[in-house]
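> Quick one: this structure, given as structure tokens, is what I'll be asking you about.
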Amino acid sequence: MPELPEVETTRRGVRPHVKGRRVKQVVVRDARLRWPVPPDLARALVGTTIDEVERRAKYLLFRTAHGTAIVHLGMSGSLRVVDAGVSPEKHDHVDVVLDDGKLLRLRDPRRFGCLLFTRNDPHDHPLLKDLGPEPLSRAFDGAHLHRIARGRTAAVKTFLMDAAVVVGVGNIYANEALWRARLAPRRRTGRVTRAHFDELARSVKEVLADAIARGGTTLRDFLSADGEPGHFRMDLAVYDRAGKLCPRCRTPIRTARVGQRSSFWCPRCQA
DNA sequence: AGTGCGGCCTGTCCGC
DNA sequence: TGCGGACAGGCCGCAC
């Protein structure tokens, strides 16, 4: 469930607590994430200082002098900063103990996330090197979408969720951005006009920025680093609102699978 | 190369 | 009330 706004919210919550802190200890209670937590993680991190916490797509990058820890929250992961005395609960798989009596705790019930370490430039890592532009950067715009859409036959919603096209847009925000752009999710990518792509790029930026400003979307269990839920759920126009009324034209929201994903749209204002 | 699908996981919800 | 099964979904890795 963490999409870009939730990961960015996590980064902003965690950063002030870990930046400049030295790692005292690393406790791996369960290494079986999507890829195993590397056995030498503790050796790599203990004694080093966390210089910065960055985000690329939905990955969090913890920079140290000797390498970078790469964290992905999958769909059920969360990172919290807690006092070192707080006992771990079920699914609290990894603790990074800091030098000020606090620790960074990774929880991930479904274990779709990962925690890796690289001594090289993380942007060259196989998981990151082929990613598309950041949606909130100037590199992402209607021209970019239009350029790579040529000849594509897949549904525009599937296209928008492809990390090689643009990163960070998961199912919730894809549905919302398409609604804001008045574009039907099943429209063939190659048939979308340049003007509509301009509108779509604008909508993606807008919906992500709005969600970040609200601390992300909490549907079930997303909590930020300080334990607060996100409040963007209030602003969802179509996602998870099948049968409810479109906020723009009061037509009931439709739902169907598009590219194996639940999709929601207004049959009247999205064409 | 683009497209589509299976699989990884567990908690939650629904129907019987 | 208990239980099985569907569903949620990011995204890799494979087959076509």
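In the structure tokens, each chain is lettered A, B, ... as it comes, each chain's residues begin at 1, and ligands are numbered from 1 in order of appearance.
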Counting only C-alpha atoms, which residues of region 12-33 of chain A sit at most 6 Å from some atom of region 38-60 of chain A, and what is each one's closest atom pair with its distance in Å to one decimal, listed by chain and rising residue number, as CSV?


residue,atom,partner,partner_atom,distance
A:Arg15,CA,A:Val53,CA,5.8
A:Lys19,CA,A:Ile50,CA,5.5
A:Gly20,CA,A:Asp51,CA,5.4
A:Arg21,CA,A:Thr49,CA,5.5
A:Arg22,CA,A:Thr49,CA,4.2
A:Val23,CA,A:Val46,CA,5.0
A:Lys24,CA,A:Val46,CA,5.5
A:Gln25,CA,A:Val46,CA,5.6
A:Val26,CA,A:Ala42,CA,5.2

> Please, which residues of chain A lie no more than 9 Å from chain B when the count uses only C-alpha atoms (C1' of nucleotides), and can they be set out as a list of chain:residue names?

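Output check: A:Arg34, A:Pro109, A:Arg110, A:Arg111, A:Phe112, A:Arg152, A:Thr153, A:Ala154, A:Gly259, A:Gln260.
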
> Take the residues from that selection and write them out as a short mmCIF file (atom, residue, chain, number, x, y, z; two decimals), in the first residue's frame, keeping N, CA, C and O atoms.


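Final output, saved to again_0.cif:
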data_model
loop_
_atom_site.label_atom_id
_atom_site.label_comp_id
_atom_site.auth_asym_id
_atom_site.auth_seq_id
_atom_site.Cartn_x
_atom_site.Cartn_y
_atom_site.Cartn_z
N ARG A 34 11.48 -10.07 0.64
CA ARG A 34 11.38 -10.45 -0.77
C ARG A 34 12.70 -11.01 -1.28
O ARG A 34 12.75 -12.00 -2.00
N PRO A 109 4.48 -7.22 7.55
CA PRO A 109 3.73 -8.48 7.70
C PRO A 109 3.79 -9.37 6.46
O PRO A 109 3.98 -10.57 6.56
N ARG A 110 3.61 -8.79 5.28
CA ARG A 110 3.56 -9.64 4.09
C ARG A 110 4.92 -9.95 3.50
O ARG A 110 5.04 -10.73 2.58
N ARG A 111 5.92 -9.29 4.00
CA ARG A 111 7.30 -9.53 3.58
C ARG A 111 7.49 -9.36 2.07
O ARG A 111 8.25 -10.10 1.45
N PHE A 112 6.77 -8.40 1.48
CA PHE A 112 6.99 -8.06 0.07
C PHE A 112 8.09 -7.02 -0.07
O PHE A 112 8.51 -6.70 -1.16
N ARG A 152 1.96 2.03 -28.42
CA ARG A 152 1.59 1.19 -27.28
C ARG A 152 0.11 0.85 -27.33
O ARG A 152 -0.73 1.72 -27.59
N THR A 153 -0.18 -0.42 -27.02
CA THR A 153 -1.56 -0.87 -27.12
C THR A 153 -2.20 -1.13 -25.76
O THR A 153 -3.40 -1.34 -25.66
N ALA A 154 -1.38 -1.14 -24.72
CA ALA A 154 -1.92 -1.44 -23.39
C ALA A 154 -2.82 -0.30 -22.91
O ALA A 154 -2.75 0.82 -23.40
N GLY A 259 -5.97 -4.64 -16.43
CA GLY A 259 -4.62 -5.14 -16.24
C GLY A 259 -4.43 -5.78 -14.88
O GLY A 259 -3.45 -5.51 -14.20
N GLN A 260 -5.36 -6.59 -14.47
CA GLN A 260 -5.31 -7.37 -13.21
C GLN A 260 -5.45 -6.52 -11.96
O GLN A 260 -5.23 -7.01 -10.87
#

> Kindly indicate which residue among A:Ser137, A:Ala184, A:Leu115, A:Val192 lies nearest to Arg150 (chain A), using only C-alpha atoms for the distances.

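Nearest candidate to Arg150 (chain A) out of A:Ser137, A:Ala184, A:Leu115, A:Val192: A:Val192.
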
> From the set A:Gly170, A:Pro122, A:Gly77, A:Gly67, which residue has the shortest atom-to-atom contact distance to chain C, counting only C-alpha atoms (C1' of nucleotides)?

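Counting only C-alpha atoms (C1' of nucleotides), the residue closest to chain C is A:Gly170.
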
> DSSP on the backbone, strand (DSSP E or B) only: what residues of region 16-181 of chain A does that give? Format it as a PyMOL selection string.

chain A and resi 22-28+49+52-56+59-64+67-72+78-83+92-98+102-107+114-118+155

> Include N, CA and C atoms and write out the residues we just selected as a short mmCIF file (atom, residue, chain, number, x, y, z; two decimals), in the first residue's frame.


data_model
loop_
_atom_site.label_atom_id
_atom_site.label_comp_id
_atom_site.auth_asym_id
_atom_site.auth_seq_id
_atom_site.Cartn_x
_atom_site.Cartn_y
_atom_site.Cartn_z
N ARG A 22 24.81 7.64 14.72
CA ARG A 22 25.68 6.50 14.49
C ARG A 22 24.92 5.20 14.79
N VAL A 23 25.19 4.17 14.00
CA VAL A 23 24.52 2.88 14.20
C VAL A 23 25.29 2.07 15.25
N LYS A 24 24.59 1.68 16.31
CA LYS A 24 25.24 0.93 17.39
C LYS A 24 25.13 -0.58 17.18
N GLN A 25 24.00 -0.97 16.61
CA GLN A 25 23.72 -2.41 16.52
C GLN A 25 22.64 -2.62 15.46
N VAL A 26 22.67 -3.78 14.81
CA VAL A 26 21.61 -4.15 13.88
C VAL A 26 21.08 -5.51 14.28
N VAL A 27 19.76 -5.60 14.49
CA VAL A 27 19.15 -6.87 14.89
C VAL A 27 18.22 -7.34 13.78
N VAL A 28 18.55 -8.48 13.20
CA VAL A 28 17.71 -9.06 12.15
C VAL A 28 17.00 -10.26 12.75
N THR A 49 27.89 6.27 10.33
CA THR A 49 26.91 7.32 10.55
C THR A 49 25.96 7.39 9.35
N GLU A 52 22.42 10.67 5.29
CA GLU A 52 21.24 11.25 4.64
C GLU A 52 20.23 10.16 4.36
N VAL A 53 18.95 10.54 4.28
CA VAL A 53 17.89 9.63 3.88
C VAL A 53 17.24 10.19 2.63
N GLU A 54 17.41 9.48 1.53
CA GLU A 54 16.86 9.94 0.27
C GLU A 54 15.76 8.98 -0.18
N ARG A 55 15.04 9.41 -1.23
CA ARG A 55 14.04 8.55 -1.83
C ARG A 55 14.24 8.53 -3.34
N ARG A 56 14.17 7.35 -3.93
CA ARG A 56 14.12 7.23 -5.39
C ARG A 56 12.98 6.28 -5.67
N TYR A 59 11.75 3.56 -3.22
CA TYR A 59 12.87 3.07 -2.42
C TYR A 59 13.37 4.18 -1.51
N LEU A 60 13.70 3.81 -0.27
CA LEU A 60 14.38 4.72 0.64
C LEU A 60 15.85 4.36 0.66
N LEU A 61 16.70 5.37 0.60
CA LEU A 61 18.15 5.17 0.54
C LEU A 61 18.79 5.78 1.78
N PHE A 62 19.39 4.94 2.60
CA PHE A 62 20.08 5.40 3.81
C PHE A 62 21.57 5.45 3.49
N ARG A 63 22.08 6.67 3.36
CA ARG A 63 23.46 6.86 2.92
C ARG A 63 24.43 6.81 4.08
N THR A 64 25.50 6.07 3.93
CA THR A 64 26.59 6.09 4.88
C THR A 64 27.88 6.28 4.09
N GLY A 67 28.58 2.97 2.04
CA GLY A 67 27.58 2.30 1.21
C GLY A 67 26.18 2.79 1.58
N THR A 68 25.19 2.20 0.93
CA THR A 68 23.81 2.67 1.08
C THR A 68 22.89 1.49 1.36
N ALA A 69 22.07 1.63 2.40
CA ALA A 69 21.02 0.65 2.64
C ALA A 69 19.81 1.05 1.80
N ILE A 70 19.27 0.07 1.07
CA ILE A 70 18.13 0.29 0.18
C ILE A 70 16.92 -0.41 0.80
N VAL A 71 15.87 0.35 1.06
CA VAL A 71 14.68 -0.21 1.71
C VAL A 71 13.47 -0.01 0.82
N HIS A 72 12.72 -1.07 0.60
CA HIS A 72 11.41 -0.97 -0.07
C HIS A 72 10.37 -1.51 0.89
N SER A 78 6.42 -0.83 7.02
CA SER A 78 6.48 0.49 7.64
C SER A 78 7.79 0.61 8.39
N LEU A 79 8.24 1.84 8.55
CA LEU A 79 9.44 2.15 9.32
C LEU A 79 9.04 3.09 10.43
N ARG A 80 9.42 2.75 11.65
CA ARG A 80 9.08 3.59 12.79
C ARG A 80 10.34 3.86 13.60
N VAL A 81 10.36 5.02 14.22
CA VAL A 81 11.42 5.33 15.19
C VAL A 81 10.83 5.17 16.58
N VAL A 82 11.40 4.28 17.37
CA VAL A 82 10.87 4.04 18.72
C VAL A 82 12.01 4.03 19.73
N ASP A 83 11.66 4.15 21.01
CA ASP A 83 12.67 4.03 22.07
C ASP A 83 13.23 2.62 22.08
N ASP A 92 7.89 -7.40 13.26
CA ASP A 92 8.97 -6.40 13.36
C ASP A 92 10.27 -7.14 13.07
N HIS A 93 10.71 -7.08 11.81
CA HIS A 93 11.78 -7.99 11.37
C HIS A 93 13.18 -7.48 11.63
N VAL A 94 13.37 -6.16 11.54
CA VAL A 94 14.74 -5.62 11.66
C VAL A 94 14.73 -4.35 12.52
N ASP A 95 15.71 -4.25 13.42
CA ASP A 95 15.95 -3.02 14.18
C ASP A 95 17.33 -2.48 13.84
N VAL A 96 17.41 -1.18 13.60
CA VAL A 96 18.70 -0.51 13.49
C VAL A 96 18.81 0.38 14.73
N VAL A 97 19.68 -0.04 15.65
CA VAL A 97 19.78 0.65 16.94
C VAL A 97 20.72 1.85 16.79
N LEU A 98 20.24 3.01 17.22
CA LEU A 98 21.00 4.24 17.06
C LEU A 98 21.71 4.61 18.37
N LYS A 102 17.41 5.40 20.65
CA LYS A 102 16.25 5.08 19.81
C LYS A 102 16.66 4.05 18.77
N LEU A 103 15.67 3.52 18.10
CA LEU A 103 15.99 2.60 17.01
C LEU A 103 14.98 2.75 15.89
N LEU A 104 15.46 2.38 14.72
CA LEU A 104 14.64 2.39 13.51
C LEU A 104 14.13 0.98 13.31
N ARG A 105 12.80 0.81 13.27
CA ARG A 105 12.23 -0.54 13.26
C ARG A 105 11.46 -0.78 11.96
N LEU A 106 11.84 -1.86 11.27
CA LEU A 106 11.16 -2.23 10.02
C LEU A 106 10.14 -3.33 10.30
N ARG A 107 8.89 -3.00 10.01
CA ARG A 107 7.82 -3.99 10.13
C ARG A 107 7.29 -4.29 8.74
N CYS A 114 11.92 -5.10 1.02
CA CYS A 114 13.31 -5.58 1.06
C CYS A 114 14.18 -4.59 1.81
N LEU A 115 15.33 -5.11 2.26
CA LEU A 115 16.35 -4.29 2.89
C LEU A 115 17.68 -4.81 2.36
N LEU A 116 18.29 -4.03 1.48
CA LEU A 116 19.54 -4.46 0.84
C LEU A 116 20.64 -3.46 1.16
N PHE A 117 21.84 -3.79 0.78
CA PHE A 117 22.97 -2.89 1.01
C PHE A 117 23.87 -2.93 -0.20
N THR A 118 24.29 -1.74 -0.64
CA THR A 118 25.25 -1.70 -1.74
C THR A 118 26.37 -0.73 -1.42
N ALA A 155 -3.64 -0.60 -21.92
CA ALA A 155 -4.52 0.41 -21.32
C ALA A 155 -3.66 1.51 -20.70
#

> Which chain C residues have any atom within 10 Å of an atom of chain A, and for each, what is the nearest pair of atoms with distance in Å to one decimal, counting only C-alpha atoms (C1' of nucleotides), rows sorted by chain and number, as a tab-separated table?


residue	atom	partner	partner_atom	distance
C:DA8	C1'	A:Met1	CA	8.9
C:DG9	C1'	A:Met75	CA	6.3
C:DG10	C1'	A:Gly74	CA	5.9
C:DC11	C1'	A:Gly74	CA	8.8
C:DC12	C1'	A:Leu127	CA	9.4

> I need the residues from that last selection saved to file as a short mmCIF file (atom, residue, chain, number, x, y, z; two decimals), in the first residue's frame (with N, CA, C and O atoms (P, O5', C5', C4', C3', O3' and C1' of nucleotides)), if you can.


data_model
loop_
_atom_site.label_atom_id
_atom_site.label_comp_id
_atom_site.auth_asym_id
_atom_site.auth_seq_id
_atom_site.Cartn_x
_atom_site.Cartn_y
_atom_site.Cartn_z
P DA C 8 -9.43 -7.05 -5.04
"O5'" DA C 8 -8.28 -6.34 -4.22
"C5'" DA C 8 -8.58 -5.72 -2.97
"C4'" DA C 8 -7.31 -5.54 -2.21
"C3'" DA C 8 -6.14 -5.11 -3.10
"O3'" DA C 8 -6.02 -3.69 -3.05
"C1'" DA C 8 -5.50 -6.80 -1.48
P DG C 9 -5.69 -2.95 -4.36
"O5'" DG C 9 -4.12 -3.14 -4.47
"C5'" DG C 9 -3.29 -2.60 -3.45
"C4'" DG C 9 -1.92 -3.19 -3.62
"C3'" DG C 9 -1.39 -3.09 -5.07
"O3'" DG C 9 -0.07 -2.59 -5.05
"C1'" DG C 9 -1.16 -5.25 -4.24
P DG C 10 0.24 -1.29 -5.90
"O5'" DG C 10 1.82 -1.34 -5.80
"C5'" DG C 10 2.45 -1.29 -4.54
"C4'" DG C 10 3.84 -1.86 -4.65
"C3'" DG C 10 4.59 -1.52 -5.92
"O3'" DG C 10 5.96 -1.40 -5.58
"C1'" DG C 10 4.25 -3.86 -5.83
P DC C 11 7.00 -0.93 -6.63
"O5'" DC C 11 7.45 -2.25 -7.39
"C5'" DC C 11 8.17 -3.25 -6.69
"C4'" DC C 11 8.31 -4.45 -7.57
"C3'" DC C 11 8.61 -4.13 -9.05
"O3'" DC C 11 9.58 -5.04 -9.48
"C1'" DC C 11 6.92 -5.65 -8.91
P DC C 12 10.92 -4.59 -10.15
"O5'" DC C 12 11.74 -5.96 -10.13
"C5'" DC C 12 11.89 -6.66 -8.90
"C4'" DC C 12 11.65 -8.13 -9.12
"C3'" DC C 12 12.38 -8.71 -10.32
"O3'" DC C 12 12.98 -9.92 -9.91
"C1'" DC C 12 10.09 -9.24 -10.47
#

> Run DSSP on the backbone and tell me which residues of region 22-232 of chain A come out as alpha helix (DSSP H); list them as number ranges by chain.

A: 41-45, 142-149, 156-160, 171-180, 194-213
